[in-house]
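S.K.: Please see the structure below; I have some questions.
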2 protein chains.
Amino acid sequence: MAAPRTITILGSTGSIGTQTLDVIGRRSTEYQVRYLTCNTRVDDLVAQARVFQPYGVAIREESAWRRFQELYPDFAGPVLRGEEGLCEAAADEQNDVVLSAMVGFSGVVPTMAAIRSGHVIGLANKETLVSAGAIMTAAARAHGATLLAVDSEHSAIAQCLVGERFSDVARLIITASGGPFRSLPANEFHAITPERALRHPNWSMGSKITIDSATLMNKGFEVIEARWLFDLPSEKIDVIVHPQSIIHSMVEFVDGSVKAQMGVPSMLVPIQYALTYPVRLPLDVPSMDLAAIGSLTFEAADTERFPCLRLAYEALRTEGSAACILNAANEVAVAAFLAGDLPFTGIAEVIARTLDHMEVVAHPSLDDIVAIDGESRRRAAEYLSN
Amino acid sequence: MAAPRTITILGSTGSIGTQTLDVIGRRSTEYQVRYLTCNTRVDDLVAQARVFQPYGVAIREESAWRRFQELYPDFAGPVLRGEEGLCEAAADEQNDVVLSAMVGFSGVVPTMAAIRSGHVIGLANKETLVSAGAIMTAAARAHGATLLAVDSEHSAIAQCLVGERFSDVARLIITASGGPFRSLPANEFHAITPERALRHPNWSMGSKITIDSATLMNKGFEVIEARWLFDLPSEKIDVIVHPQSIIHSMVEFVDGSVKAQMGVPSMLVPIQYALTYPVRLPLDVPSMDLAAIGSLTFEAADTERFPCLRLAYEALRTEGSAACILNAANEVAVAAFLAGDLPFTGIAEVIARTLDHMEVVAHPSLDDIVAIDGESRRRAAEYLSN
């Protein structure tokens, strides 16, 4: 990389956003920060802006936007406001890479703005592809944007695919740690508490995604994302449980050859890869020592004990708005589980009921998706209150 | 691949040669056979020529060459003779890929002819790179030839490197099955018989290479080949023991990311990859089932019990003609072991003594290499007779 890459981070104060700035800070001459954006955490944004000196910032919430100007009156660049401001930052012509790291559905519209401007998009926002995969990928094709998922699994697959012909791919094999309940007998699942479910063996993440890992819904979402990122049908996307999380995912080719991407679990690797794709920069992470690790183990994923994975495959095969309903119902159910209002086994039940009772729209628009998302949440909440 | 690829096989009647024709026979419309060649096994060559209808043949031995014309008088194409004939076949302008699968040192000169004509060369002949790596790779660079090794390890590395920048490579990790004596206590090595050493756990190969696998010299040769194929110093080439032989080798990059190529052990995969590089064709080999395999294990290579691996690293660091001496002395020592004239532990001793007593030439020519090879064999034989 000769010239520094110009990066905009949508959601720079969240977990992936701050780790992205960590990556950038390690080799600051290689990157130029264009925009940093946040929703409400303006104190953090001010601190980031003082260190990284972005060209501009964008703040979704009105009062936070005003507060930024009070806290940092001599900030020289544009201070954009609201969703419109986020979209302007996302679409800025100077961006080489836009990292979309906003939480939840709020990321969809600004991410679409980035896609429409034809950038490389690092997607840390799962909702974008799970709920609106067909729309997002069609837009990316139309505008020549490259979508890279910023998680270890899809980054692994993208790394295995560089230099390969897409038509030579036979199958994707997504690895799953199996979560904290991999070996728990089926008859003990009803008694799982939020506290136990929040203890993930390999990754430290937010509480929503940690519960999704415990139910394997997170893996189901990754299967759906892979379907869109790599344009493959669900029959060509397998999941295998690999408790050590050293192999991050694999690609099997038509000649029987399998390529895997591996390493000590660290989000810094896929984050930096999205920023530097398709080349690499040195990164100071622990080197993988297989002799010390000794053994990598594998087992089939059990959709009896983990029905969320089966529901995700079913939603994927149903197509249309089914995955949007799946995602919305899951979010409501997980929140209820975390609040102590739903047993662990109830999560899949709420999702299955919501999927059963919502009509599936075959070719939803982005507006349809927003409406279906809302309606699915209302339905899921209804089942909960009964 | 739109047009069929034109293939010449140097040494088509050997183990790799016949497996290459097996690969070609499976998808005959994708390939055109230009020349088939052999040393003496003319009956086999006639049978191959009748099936594969090559443009021409080349036969090294005079009497075999005459016999071909008696056995197949109506063969329409050129029937070339001697090393000159092999070189003409290798250098033919119509060749897209030349597969160099001759056994031993006799492959060096025809392989050089193929390199000089600027083809893709599939190298199954280890001696070429081990003994004359500097010369061969300099010629390949000068003539724009691409060297691909036809073995599972270097093919794995080449597959991990497609689409990557060479400057992003931090380290190669070559896997070794560990051979039949991986877990044998050091004090039992002196009693190893040829019969026991010929039972390799994962691969069925010729007797010379099977003994080289049992001593780990084969892995040492692969380290030396990797040094030349991928232009990396010995410090950046590691060996790890992986008894299941599912991961065929790995590449670590500067960002801590590791790519591996995996699959059920089969020579057909690297052979076909050399023929179709850098794209792939479907190949009917068993699909890798990690859940059924269950566990992949790894351990450090033990150069105490397997000193041949250490000797190979030392020869590589010494540079010049050292690896040529190593290879020649090893060939003599292995033949003596197979004949029952040398204990297993004597193999490394003969090599070490030969290396100690031969002067190393810093920049040998191809003629020097031929002379050093001969002299090393004489010296090694001398130590044996004492």
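Chain labels follow the order of the structure tokens: the first chain is A, the next B, and so on; residue numbering restarts at 1 in every chain, and ligands are counted from 1 in their shown order.
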Should the cut-off be 8 Å, what would the residue list for chain A against chain B look like, counting only C-alpha atoms, as an mmCIF file with N, CA, C and O atoms, in the first residue's frame?

M.R.:
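Writing the result to result.cif gives the following:
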data_model
loop_
_atom_site.group_PDB
_atom_site.id
_atom_site.type_symbol
_atom_site.label_atom_id
_atom_site.label_comp_id
_atom_site.auth_asym_id
_atom_site.auth_seq_id
_atom_site.Cartn_x
_atom_site.Cartn_y
_atom_site.Cartn_z
ATOM 1 N N CYS A 160 -9.628 -17.243 1.866
ATOM 2 C CA CYS A 160 -9.447 -18.497 1.124
ATOM 3 C C CYS A 160 -9.813 -18.331 -0.353
ATOM 4 O O CYS A 160 -9.373 -19.115 -1.194
ATOM 5 N N VAL A 162 -9.321 -15.466 -2.300
ATOM 6 C CA VAL A 162 -8.516 -14.574 -3.149
ATOM 7 C C VAL A 162 -7.700 -15.407 -4.126
ATOM 8 O O VAL A 162 -7.115 -16.428 -3.772
ATOM 9 N N GLY A 163 -7.697 -14.983 -5.371
ATOM 10 C CA GLY A 163 -6.928 -15.685 -6.393
ATOM 11 C C GLY A 163 -7.622 -16.915 -6.958
ATOM 12 O O GLY A 163 -7.095 -17.566 -7.858
ATOM 13 N N GLU A 164 -8.794 -17.269 -6.423
ATOM 14 C CA GLU A 164 -9.528 -18.442 -6.896
ATOM 15 C C GLU A 164 -10.682 -17.995 -7.804
ATOM 16 O O GLU A 164 -11.195 -16.896 -7.661
ATOM 17 N N ARG A 165 -11.101 -18.901 -8.705
ATOM 18 C CA ARG A 165 -12.299 -18.640 -9.502
ATOM 19 C C ARG A 165 -13.513 -18.990 -8.675
ATOM 20 O O ARG A 165 -13.575 -20.070 -8.090
ATOM 21 N N ASP A 168 -15.142 -22.338 -9.097
ATOM 22 C CA ASP A 168 -14.446 -23.534 -8.602
ATOM 23 C C ASP A 168 -14.844 -23.897 -7.168
ATOM 24 O O ASP A 168 -14.369 -24.887 -6.616
ATOM 25 N N ILE A 240 -19.678 -26.665 10.943
ATOM 26 C CA ILE A 240 -19.050 -27.727 11.725
ATOM 27 C C ILE A 240 -18.583 -27.141 13.048
ATOM 28 O O ILE A 240 -18.103 -26.008 13.101
ATOM 29 N N PHE A 253 -13.141 -26.815 -2.728
ATOM 30 C CA PHE A 253 -13.204 -26.544 -4.158
ATOM 31 C C PHE A 253 -13.612 -27.811 -4.918
ATOM 32 O O PHE A 253 -13.640 -28.914 -4.345
ATOM 33 N N VAL A 254 -13.894 -27.642 -6.203
ATOM 34 C CA VAL A 254 -14.418 -28.760 -7.015
ATOM 35 C C VAL A 254 -13.411 -29.893 -7.181
ATOM 36 O O VAL A 254 -13.796 -30.997 -7.565
ATOM 37 N N ASP A 255 -12.147 -29.653 -6.912
ATOM 38 C CA ASP A 255 -11.154 -30.717 -7.046
ATOM 39 C C ASP A 255 -10.896 -31.434 -5.718
ATOM 40 O O ASP A 255 -9.926 -32.190 -5.596
ATOM 41 N N GLY A 256 -11.741 -31.198 -4.718
ATOM 42 C CA GLY A 256 -11.579 -31.878 -3.436
ATOM 43 C C GLY A 256 -10.614 -31.174 -2.498
ATOM 44 O O GLY A 256 -10.476 -31.560 -1.340
ATOM 45 N N SER A 257 -9.942 -30.137 -2.989
ATOM 46 C CA SER A 257 -9.008 -29.373 -2.166
ATOM 47 C C SER A 257 -9.792 -28.438 -1.240
ATOM 48 O O SER A 257 -10.784 -27.841 -1.641
ATOM 49 N N VAL A 258 -9.344 -28.327 0.008
ATOM 50 C CA VAL A 258 -9.995 -27.454 0.981
ATOM 51 C C VAL A 258 -8.985 -26.422 1.453
ATOM 52 O O VAL A 258 -7.844 -26.781 1.783
ATOM 53 N N LYS A 259 -9.366 -25.166 1.459
ATOM 54 C CA LYS A 259 -8.500 -24.147 2.041
ATOM 55 C C LYS A 259 -9.137 -23.628 3.329
ATOM 56 O O LYS A 259 -10.345 -23.441 3.399
ATOM 57 N N ALA A 260 -8.292 -23.436 4.345
ATOM 58 C CA ALA A 260 -8.755 -22.952 5.642
ATOM 59 C C ALA A 260 -7.953 -21.722 6.021
ATOM 60 O O ALA A 260 -6.791 -21.592 5.640
ATOM 61 N N GLN A 261 -8.579 -20.821 6.764
ATOM 62 C CA GLN A 261 -7.830 -19.716 7.352
ATOM 63 C C GLN A 261 -7.864 -19.918 8.858
ATOM 64 O O GLN A 261 -8.905 -20.262 9.427
ATOM 65 N N MET A 262 -6.702 -19.763 9.482
ATOM 66 C CA MET A 262 -6.544 -20.124 10.884
ATOM 67 C C MET A 262 -5.826 -19.015 11.646
ATOM 68 O O MET A 262 -5.249 -18.108 11.048
ATOM 69 N N GLY A 263 -5.795 -19.146 12.961
ATOM 70 C CA GLY A 263 -5.026 -18.227 13.782
ATOM 71 C C GLY A 263 -5.582 -18.181 15.191
ATOM 72 O O GLY A 263 -6.677 -18.676 15.458
ATOM 73 N N VAL A 269 -7.515 -9.193 13.471
ATOM 74 C CA VAL A 269 -7.107 -9.732 12.170
ATOM 75 C C VAL A 269 -8.171 -9.465 11.094
ATOM 76 O O VAL A 269 -7.870 -8.857 10.069
ATOM 77 N N PRO A 278 -7.086 -6.285 -0.802
ATOM 78 C CA PRO A 278 -6.751 -7.698 -0.614
ATOM 79 C C PRO A 278 -5.302 -7.925 -0.185
ATOM 80 O O PRO A 278 -4.838 -9.061 -0.235
ATOM 81 N N VAL A 279 -4.602 -6.892 0.226
ATOM 82 C CA VAL A 279 -3.227 -7.092 0.701
ATOM 83 C C VAL A 279 -3.252 -7.100 2.235
ATOM 84 O O VAL A 279 -4.322 -7.043 2.845
ATOM 85 N N ARG A 280 -2.087 -7.178 2.835
ATOM 86 C CA ARG A 280 -2.011 -7.290 4.289
ATOM 87 C C ARG A 280 -0.985 -6.296 4.839
ATOM 88 O O ARG A 280 -0.117 -5.849 4.113
ATOM 89 N N LEU A 281 -1.100 -5.992 6.106
ATOM 90 C CA LEU A 281 -0.086 -5.218 6.812
ATOM 91 C C LEU A 281 0.346 -6.023 8.029
ATOM 92 O O LEU A 281 -0.449 -6.801 8.564
ATOM 93 N N PRO A 282 1.582 -5.841 8.489
ATOM 94 C CA PRO A 282 1.993 -6.526 9.708
ATOM 95 C C PRO A 282 1.050 -6.170 10.864
ATOM 96 O O PRO A 282 0.549 -5.046 10.943
ATOM 97 N N LEU A 283 0.793 -7.146 11.730
ATOM 98 C CA LEU A 283 -0.083 -6.933 12.876
ATOM 99 C C LEU A 283 0.507 -7.721 14.034
ATOM 100 O O LEU A 283 0.836 -8.895 13.880
ATOM 101 N N ASP A 284 0.628 -7.059 15.163
ATOM 102 C CA ASP A 284 1.292 -7.666 16.306
ATOM 103 C C ASP A 284 0.286 -8.464 17.134
ATOM 104 O O ASP A 284 -0.208 -8.007 18.155
ATOM 105 N N VAL A 285 -0.036 -9.667 16.644
ATOM 106 C CA VAL A 285 -0.922 -10.583 17.387
ATOM 107 C C VAL A 285 -0.126 -11.855 17.659
ATOM 108 O O VAL A 285 0.855 -12.135 16.973
ATOM 109 N N PRO A 286 -0.521 -12.655 18.666
ATOM 110 C CA PRO A 286 0.240 -13.876 18.967
ATOM 111 C C PRO A 286 0.246 -14.828 17.765
ATOM 112 O O PRO A 286 -0.770 -15.009 17.109
ATOM 113 N N SER A 287 1.401 -15.402 17.471
ATOM 114 C CA SER A 287 1.529 -16.351 16.373
ATOM 115 C C SER A 287 0.906 -17.687 16.779
ATOM 116 O O SER A 287 0.990 -18.100 17.929
ATOM 117 N N MET A 288 0.257 -18.343 15.825
ATOM 118 C CA MET A 288 -0.379 -19.632 16.105
ATOM 119 C C MET A 288 0.692 -20.709 16.296
ATOM 120 O O MET A 288 1.553 -20.873 15.460
ATOM 121 N N LEU A 290 0.740 -24.531 16.669
ATOM 122 C CA LEU A 290 -0.074 -25.755 16.634
ATOM 123 C C LEU A 290 0.510 -26.855 17.514
ATOM 124 O O LEU A 290 -0.231 -27.647 18.093
ATOM 125 N N ALA A 291 1.854 -26.903 17.630
ATOM 126 C CA ALA A 291 2.451 -27.933 18.481
ATOM 127 C C ALA A 291 2.032 -27.707 19.937
ATOM 128 O O ALA A 291 1.763 -28.660 20.675
ATOM 129 N N ALA A 292 1.945 -26.444 20.366
ATOM 130 C CA ALA A 292 1.506 -26.138 21.726
ATOM 131 C C ALA A 292 0.007 -26.400 21.878
ATOM 132 O O ALA A 292 -0.438 -26.888 22.915
ATOM 133 N N ILE A 293 -0.775 -26.086 20.852
ATOM 134 C CA ILE A 293 -2.223 -26.331 20.892
ATOM 135 C C ILE A 293 -2.485 -27.839 20.917
ATOM 136 O O ILE A 293 -3.369 -28.317 21.619
ATOM 137 N N GLY A 294 -1.691 -28.583 20.136
ATOM 138 C CA GLY A 294 -1.739 -30.045 20.195
ATOM 139 C C GLY A 294 -2.806 -30.689 19.352
ATOM 140 O O GLY A 294 -2.520 -31.579 18.562
ATOM 141 N N SER A 295 -4.048 -30.229 19.503
ATOM 142 C CA SER A 295 -5.152 -30.943 18.857
ATOM 143 C C SER A 295 -6.279 -29.991 18.465
ATOM 144 O O SER A 295 -6.678 -29.137 19.248
ATOM 145 N N LEU A 296 -6.767 -30.150 17.247
ATOM 146 C CA LEU A 296 -7.956 -29.427 16.784
ATOM 147 C C LEU A 296 -9.055 -30.463 16.620
ATOM 148 O O LEU A 296 -8.854 -31.477 15.957
ATOM 149 N N THR A 297 -10.206 -30.227 17.241
ATOM 150 C CA THR A 297 -11.274 -31.228 17.177
ATOM 151 C C THR A 297 -12.502 -30.681 16.449
ATOM 152 O O THR A 297 -12.679 -29.465 16.333
ATOM 153 N N PHE A 298 -13.294 -31.620 15.958
ATOM 154 C CA PHE A 298 -14.442 -31.288 15.108
ATOM 155 C C PHE A 298 -15.592 -32.234 15.431
ATOM 156 O O PHE A 298 -15.380 -33.413 15.703
ATOM 157 N N GLU A 299 -16.807 -31.724 15.377
ATOM 158 C CA GLU A 299 -17.991 -32.572 15.526
ATOM 159 C C GLU A 299 -19.140 -31.943 14.762
ATOM 160 O O GLU A 299 -19.128 -30.733 14.473
ATOM 161 N N ALA A 300 -20.123 -32.743 14.405
ATOM 162 C CA ALA A 300 -21.276 -32.224 13.671
ATOM 163 C C ALA A 300 -22.084 -31.302 14.587
ATOM 164 O O ALA A 300 -22.122 -31.483 15.796
#

S.K.: Do you know which residues are at most 8 Å from Ile347 in chain B counting only C-alpha atoms, after dropping those on the same chain fewer than 5 positions away, and could you put them as a PyMOL selection string?

M.R.: chain B and resi 330+333-334+337+342

S.K.: May I have the selected residues written with all heavy atoms, as a short mmCIF file (atom, residue, chain, number, x, y, z; two decimals), in the first residue's frame?

M.R.:
data_model
loop_
_atom_site.label_atom_id
_atom_site.label_comp_id
_atom_site.auth_asym_id
_atom_site.auth_seq_id
_atom_site.Cartn_x
_atom_site.Cartn_y
_atom_site.Cartn_z
N ASN B 330 22.67 -39.37 0.74
CA ASN B 330 21.43 -40.01 1.21
C ASN B 330 21.01 -41.14 0.28
O ASN B 330 20.61 -42.21 0.75
CB ASN B 330 20.32 -38.96 1.30
CG ASN B 330 19.00 -39.56 1.76
OD1 ASN B 330 18.89 -40.04 2.89
ND2 ASN B 330 18.00 -39.55 0.89
N ALA B 333 23.20 -44.09 0.93
CA ALA B 333 22.95 -44.67 2.25
C ALA B 333 21.62 -45.41 2.29
O ALA B 333 21.52 -46.50 2.87
CB ALA B 333 22.98 -43.56 3.32
N VAL B 334 20.59 -44.85 1.67
CA VAL B 334 19.28 -45.50 1.67
C VAL B 334 19.34 -46.82 0.90
O VAL B 334 18.78 -47.84 1.33
CB VAL B 334 18.20 -44.56 1.09
CG1 VAL B 334 16.89 -45.32 0.82
CG2 VAL B 334 17.94 -43.40 2.04
N PHE B 337 20.90 -49.29 3.14
CA PHE B 337 19.95 -49.72 4.18
C PHE B 337 18.96 -50.72 3.60
O PHE B 337 18.69 -51.77 4.21
CB PHE B 337 19.22 -48.50 4.76
CG PHE B 337 18.04 -48.87 5.62
CD1 PHE B 337 18.22 -49.49 6.86
CD2 PHE B 337 16.74 -48.62 5.19
CE1 PHE B 337 17.13 -49.86 7.65
CE2 PHE B 337 15.64 -48.98 5.97
CZ PHE B 337 15.85 -49.60 7.21
N LEU B 342 23.34 -51.58 5.98
CA LEU B 342 23.53 -50.41 6.85
C LEU B 342 22.35 -50.35 7.82
O LEU B 342 21.21 -50.52 7.40
CB LEU B 342 23.56 -49.13 5.99
CG LEU B 342 23.90 -47.81 6.67
CD1 LEU B 342 25.37 -47.76 7.08
CD2 LEU B 342 23.59 -46.63 5.74
#

S.K.: According to DSSP computed on the backbone, where in range 225-349 of chain A is there helix (DSSP H, G or I)? Give the residues as a PyMOL selection string.

M.R.: chain A and resi 225-230+234-236+268-276+290-293+307-318+322-338+346-349

S.K.: Ranking B:Leu36, B:Val332, B:Leu229, B:Val108 by minimum distance to Ser131 in chain B and counting only C-alpha atoms, which one comes first?

M.R.: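 So, comparing all the options, the nearest one is B:Val108.
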
S.K.: Among range 123-357 of chain A, which residues carry a DSSP assignment of strand (DSSP E), reported as a ChimeraX atom specification?

M.R.: /A:123,146-149,169-176,237-241,247-253,258-262,295-297,299-300

S.K.: Name all residues at most 12 Å from Arg141 in chain A (count only C-alpha atoms; drop same-chain ones fewer than 3 positions away) and give them as a count of residues only.

M.R.: 18

S.K.: Excluding range 151-154 of chain B and its own-chain neighbours fewer than 5 positions away, which residues fall within 7 Å of it when counting only C-alpha atoms? Please give them as a ChimeraX atom specification.

M.R.: /B:124,174,226,248-249,267,270

S.K.: Would you mind telling me which residue in A:Thr37, A:Asp368, A:Asp43, A:Ala76 lies nearest to Ala58 in chain A when using only C-alpha atoms?

M.R.: A:Thr37

S.K.: Which residues come within 9 Å of range 2-16 of chain B, counting only C-alpha atoms, excluding same-chain residues fewer than 3 positions away, as a ChimeraX atom specification?

M.R.: /B:19-21,28-39,41-42,44-45,48,54,58,86,89-90,92,94-103,107,110-111,124,150,205-206,267,271,275-276

S.K.: What's around Asp302 in chain B at 10 Å? Count only C-alpha atoms, leave out sequence neighbours fewer than 4 positions away in its own chain, and write the answer as a list of chain:residue names.

M.R.: B:Gly178, B:Arg182, B:Leu216, B:Ile240, B:Val241, B:Phe306, B:Pro307, B:Leu309, B:Arg310

S.K.: Just the selected residues (C-alpha atoms), exported as a PDB file, in the first residue's frame, please.

M.R.:
ATOM      1  CA  GLY B 178       6.113 -38.236  11.146  1.00  0.00           C
ATOM      2  CA  ARG B 182       7.096 -41.056  15.058  1.00  0.00           C
ATOM      3  CA  LEU B 216      12.285 -37.393   7.800  1.00  0.00           C
ATOM      4  CA  ILE B 240       5.425 -29.579  12.151  1.00  0.00           C
ATOM      5  CA  VAL B 241       4.424 -33.193  12.661  1.00  0.00           C
ATOM      6  CA  PHE B 306      15.449 -37.816  13.215  1.00  0.00           C
ATOM      7  CA  PRO B 307      18.876 -36.213  12.567  1.00  0.00           C
ATOM      8  CA  LEU B 309      15.968 -33.314   9.152  1.00  0.00           C
ATOM      9  CA  ARG B 310      18.652 -31.385  11.034  1.00  0.00           C
TER      10      ARG B 310
END

S.K.: Just the number, please: distance in Å from CA of Val130 in chain B to CA of Ile237 in chain B, one decimal.

M.R.: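 So the two atoms, CA of Val130 in chain B and CA of Ile237 in chain B, lie 15.0 Å apart.
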
S.K.: What is the CA of Ser213 in chain A to CA of Leu172 in chain A distance in Å?

M.R.: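 Distance between the two atoms: 19.4 Å.
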
S.K.: Skipping near chain neighbours, those fewer than 2 positions away, what residues fall within 10 Å of range 312-325 of chain A using only C-alpha atoms, listed as a PyMOL selection string?

M.R.: chain A and resi 127-134+216-225+227+233-235+237+307-310+327-331+351-352+354-356+358-365+368-370+372-377+379-380

S.K.: Which distance in Å separates CA of Glu349 in chain B and CA of Lys126 in chain B, to one decimal?

M.R.: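 Going from CA of Glu349 in chain B over to CA of Lys126 in chain B covers 21.9 Å.
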